[in-house]
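First the structure, in the form of structure tokens, and then the observations on it.
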Amino acid sequence: LEALGGDSVASPADVPASLRGVAFVVVPLENVNGRARVESGKLCERKNGRGVDTNRNFEVDWGVKEKDYDPAEEYPGTAPLSEPEAYILNELASVFKPHAWINVHSGMEAMFLPWDHALEVTDASAGVAMPPVLAELNRRHCKSKCVVGSGGSSVGYLAHGTASDHMFKLNGVPFSSTWEIYGDLRAHNNDCFRMFNPVEKAEAEDFAERWAQMVISLAELFPREWARLVREQGDSAEAMALAKAVARGLPPAGAAGGK
């Protein structure tokens, strides 16, 4: 929020062209009761107050269990969208109809695109703009060190019923990505605070700044890449309308991904 409207933005003229007309909806905390459990000392807790992993409670591939399934870690609930957190996010997306969805996690530094429940990256036409955009974000803000790929192939396990897969497939969000913004892979498995949180102020500020700038870069890169694809290949009526809207004032050539 500071990057979007802090002291550096003194007047409308200071707003980058790529951000003008862009609406952001920020959900700063989805799992309120789970956060309360963590703050009470259960630092490795990942479920909500009802014992459900809310990132397994969405509809796409809901309830599928891998051989190493552990209900203490990823219980998906009694039905898709049974949990208020998942239900509210789905309703919000259904009403707002975003063109981009970012689900923020920690555990490593990575940017995932669908699918989480499969090893493959989606080949749906709506998702073709994601890989080059993520590659350019990685180059600009991660020094090309972030893991980029499908969630299912990048984290070492398949995750079923996730928010990002749901938003892409069922809510029709053309850019749906999970961003893992921090992880200390040297931390002990039981040291969840250090594993998922920077412990030094300077380090925390650096990560916050870099990932905030990624959001701003996304607002520039994704519409431009989508517009380029529409010009070259054609797409749905919705994509054509968006491309015409976002192309005004943006460079007509030069897509994301270093092209």
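Starting from 1 in every chain, residues are counted up; chains themselves are A, B, ... following the order of the structure tokens, and ligands are numbered from 1 as listed.
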Lys42 (chain A): which residues within 12 Å, counting only C-alpha atoms, same-chain residues fewer than 3 positions away excluded, as a list in words?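 Answer for this query is Asn33, Gly34, Arg35, Ala36, Arg37, Val38, Glu39, Glu45, Arg46, Lys47, Asn190, Asp191, Cys192 and Phe193 of chain A.
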Ala219 (chain A): which residues within 8 Å, counting only C-alpha atoms, same-chain residues fewer than 6 positions away excluded, as a ChimeraX atom specification? /A:18-19,22
Just checking: using only C-alpha atoms, which residue out of A:Tyr157, A:Phe175, A:Pro223, A:Leu170 ends up closest to Lys65 (chain A)? A:Tyr157
Any idea what's packed within 12 Å of Val27 (chain A), counting only C-alpha atoms, ignoring anything in its chain fewer than 4 positions away? Could you give it as a PyMOL selection string? chain A and resi 1+31-32+85+88-89+92-93+101-104
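Nearest to Lys145 (chain A) of all the residues A:Met111, A:Ile216, A:Leu185, A:Ala202 is A:Met111, counting only C-alpha atoms.
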Residues near Ala212 (chain A), anyone? I mean within 12 Å using only C-alpha atoms, not counting same-chain ones fewer than 5 positions away, as a ChimeraX atom specification. /A:1-5,102,104,137,141,179,181,205-207,217-219
Which of A:Leu119, A:Leu134, A:Ala129, A:Cys44 sits closest to Ser150 (chain A) [using only C-alpha atoms]: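 Of the candidates, the smallest distance to Ser150 (chain A) is held by A:Leu119.
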Can you list every residue in region 30-250 of chain A that DSSP puts in helix (DSSP H, G or I), as a short mmCIF file (atom, residue, chain, number, x, y, z; two decimals) with C-alpha atoms, in the first residue's frame?
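Done, and the output landed in out_34.cif:
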```
data_model
loop_
_atom_site.label_atom_id
_atom_site.label_comp_id
_atom_site.auth_asym_id
_atom_site.auth_seq_id
_atom_site.Cartn_x
_atom_site.Cartn_y
_atom_site.Cartn_z
CA VAL A 32 -7.82 -14.79 11.20
CA ASN A 33 -8.33 -17.70 13.60
CA GLY A 34 -5.31 -19.57 12.29
CA ARG A 35 -3.20 -16.46 12.79
CA ALA A 36 -4.46 -16.24 16.37
CA ARG A 37 -3.34 -19.84 16.99
CA VAL A 38 0.12 -19.04 15.62
CA GLU A 39 0.39 -15.95 17.80
CA THR A 54 -8.24 -23.37 3.80
CA ASN A 55 -5.92 -23.76 0.80
CA ARG A 56 -7.30 -27.26 0.29
CA PRO A 71 -5.06 -34.80 7.90
CA ALA A 72 -3.18 -32.99 10.65
CA GLU A 73 -1.54 -30.89 7.93
CA GLU A 74 -4.00 -30.52 5.06
CA PRO A 84 -15.86 -19.14 5.66
CA GLU A 85 -12.40 -18.08 4.49
CA ALA A 86 -12.64 -19.98 1.19
CA TYR A 87 -16.30 -19.05 0.71
CA ILE A 88 -15.63 -15.33 1.17
CA LEU A 89 -12.66 -15.30 -1.22
CA ASN A 90 -14.70 -17.09 -3.86
CA GLU A 91 -17.56 -14.62 -3.45
CA LEU A 92 -15.17 -11.68 -3.60
CA ALA A 93 -13.65 -12.93 -6.84
CA SER A 94 -17.07 -13.67 -8.30
CA VAL A 95 -18.22 -10.12 -7.68
CA PHE A 96 -15.00 -8.21 -8.41
CA SER A 125 -5.31 -20.15 -23.88
CA ALA A 126 -6.19 -17.83 -21.01
CA GLY A 127 -2.95 -18.70 -19.23
CA MET A 130 1.63 -15.98 -17.38
CA PRO A 131 5.00 -17.71 -18.05
CA PRO A 132 6.71 -14.78 -19.84
CA VAL A 133 5.40 -12.30 -17.27
CA LEU A 134 6.64 -14.39 -14.35
CA ALA A 135 9.99 -14.83 -16.07
CA GLU A 136 10.38 -11.06 -16.39
CA LEU A 137 9.29 -10.47 -12.78
CA ASN A 138 11.88 -13.04 -11.73
CA ARG A 139 14.57 -11.23 -13.71
CA ARG A 140 13.65 -7.77 -12.43
CA HIS A 141 13.04 -8.43 -8.77
CA GLY A 151 2.99 -25.49 -8.14
CA GLY A 152 2.62 -29.23 -8.54
CA SER A 153 6.05 -29.69 -10.09
CA SER A 154 7.96 -27.08 -8.05
CA ALA A 163 -7.27 -21.23 -4.24
CA SER A 164 -5.13 -20.43 -7.28
CA ASP A 165 -6.31 -23.45 -9.29
CA HIS A 166 -9.90 -22.58 -8.36
CA MET A 167 -9.57 -18.94 -9.37
CA PHE A 168 -8.05 -19.84 -12.72
CA LYS A 169 -10.35 -22.68 -13.72
CA CYS A 192 8.53 -22.49 11.78
CA PHE A 193 8.96 -18.86 12.75
CA ARG A 194 12.43 -18.65 11.23
CA MET A 195 11.43 -20.87 8.32
CA PHE A 196 8.58 -18.61 7.23
CA LYS A 201 14.46 -5.83 10.19
CA ALA A 202 16.61 -4.98 7.18
CA GLU A 203 15.88 -8.35 5.61
CA ALA A 204 12.15 -7.97 6.22
CA GLU A 205 12.13 -4.50 4.66
CA ASP A 206 14.05 -5.75 1.64
CA PHE A 207 11.59 -8.57 1.00
CA ALA A 208 8.60 -6.28 1.49
CA GLU A 209 9.99 -3.73 -0.95
CA ARG A 210 10.93 -6.25 -3.65
CA TRP A 211 7.63 -8.09 -3.62
CA ALA A 212 5.61 -4.86 -3.50
CA GLN A 213 7.47 -3.73 -6.59
CA MET A 214 6.58 -7.05 -8.22
CA VAL A 215 2.90 -6.21 -7.88
CA ILE A 216 3.47 -2.84 -9.53
CA SER A 217 5.49 -4.46 -12.32
CA LEU A 218 2.72 -7.03 -12.79
CA ALA A 219 0.25 -4.22 -13.48
CA GLU A 220 2.56 -3.09 -16.28
CA LEU A 221 3.65 -6.41 -17.74
CA PHE A 222 0.56 -8.61 -17.75
CA PRO A 223 -1.79 -6.29 -19.70
CA ARG A 224 0.94 -5.57 -22.22
CA GLU A 225 1.74 -9.23 -22.76
CA TRP A 226 -1.94 -10.12 -23.07
CA ALA A 227 -2.45 -7.29 -25.56
CA ARG A 228 0.48 -8.57 -27.62
CA LEU A 229 -0.91 -12.09 -27.68
CA VAL A 230 -4.32 -10.85 -28.72
CA ARG A 231 -2.82 -8.81 -31.53
CA GLU A 232 -0.83 -11.79 -32.75
CA GLN A 233 -3.19 -14.69 -32.14
CA ALA A 237 -14.10 -11.06 -26.80
CA GLU A 238 -13.23 -10.29 -23.18
CA ALA A 239 -9.50 -10.48 -23.90
CA MET A 240 -9.91 -8.28 -26.98
CA ALA A 241 -11.76 -5.66 -24.95
CA LEU A 242 -9.14 -5.72 -22.22
CA ALA A 243 -6.32 -5.51 -24.73
CA LYS A 244 -7.82 -2.44 -26.35
CA ALA A 245 -8.32 -0.81 -22.96
CA VAL A 246 -4.85 -1.46 -21.58
CA ALA A 247 -2.93 -0.85 -24.79
#
```
A:Val15, A:Ser40, A:Ala110, A:Gly161: which is nearest Cys146 (chain A), counting only C-alpha atoms?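 Selected residue with least distance to Cys146 (chain A): A:Ala110.
With only C-alpha atoms as the atoms that count, the minimum distance from Thr122 (chain A) to the choices A:Gly49, A:Pro174, A:Gly77, A:Gly107 is reached by A:Pro174.
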Considering only C-alpha atoms, can you say which of A:Trp62, A:Glu109, A:Asp184, A:Val128 comes closest to Ser144 (chain A)?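 Closest residue, counting only C-alpha atoms: A:Glu109.
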One number please: CA of Asn48 (chain A) to CA of Leu81 (chain A), in Å, one decimal.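 These atoms are spaced 13.1 Å apart.
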Determine which residues of region 6-220 of chain A receive a DSSP assignment of strand (DSSP E or B), computed from the backbone, and state them as a list in words. Ala100, Trp101, Ile102, Asn103, Val104, His105, Met108, Glu109, Ala110, Met111, Phe112, Leu113, Val147, Val148, Gly149, Ser150, Phe175, Ser176, Ser177, Thr178, Trp179, Glu180, Ile181 and Tyr182 of chain A
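Separating CA of Asn57 (chain A) from CA of Pro28 (chain A) is a distance of 19.2 Å.
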Measure the distance from CA of Val199 (chain A) to CA of Val147 (chain A) in Å and round it to one decimal.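 Taking CA of Val199 (chain A) as the start and CA of Val147 (chain A) as the end point, the length is 22.1 Å.
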Residues within 8 Å of Val121 (chain A), only C-alpha atoms, excluding chain neighbours under 5 positions, as a list of chain:residue names: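 Counting only the stated atoms, we get A:Leu113, A:Pro114, A:Trp115, A:Gly149, A:Ser150.
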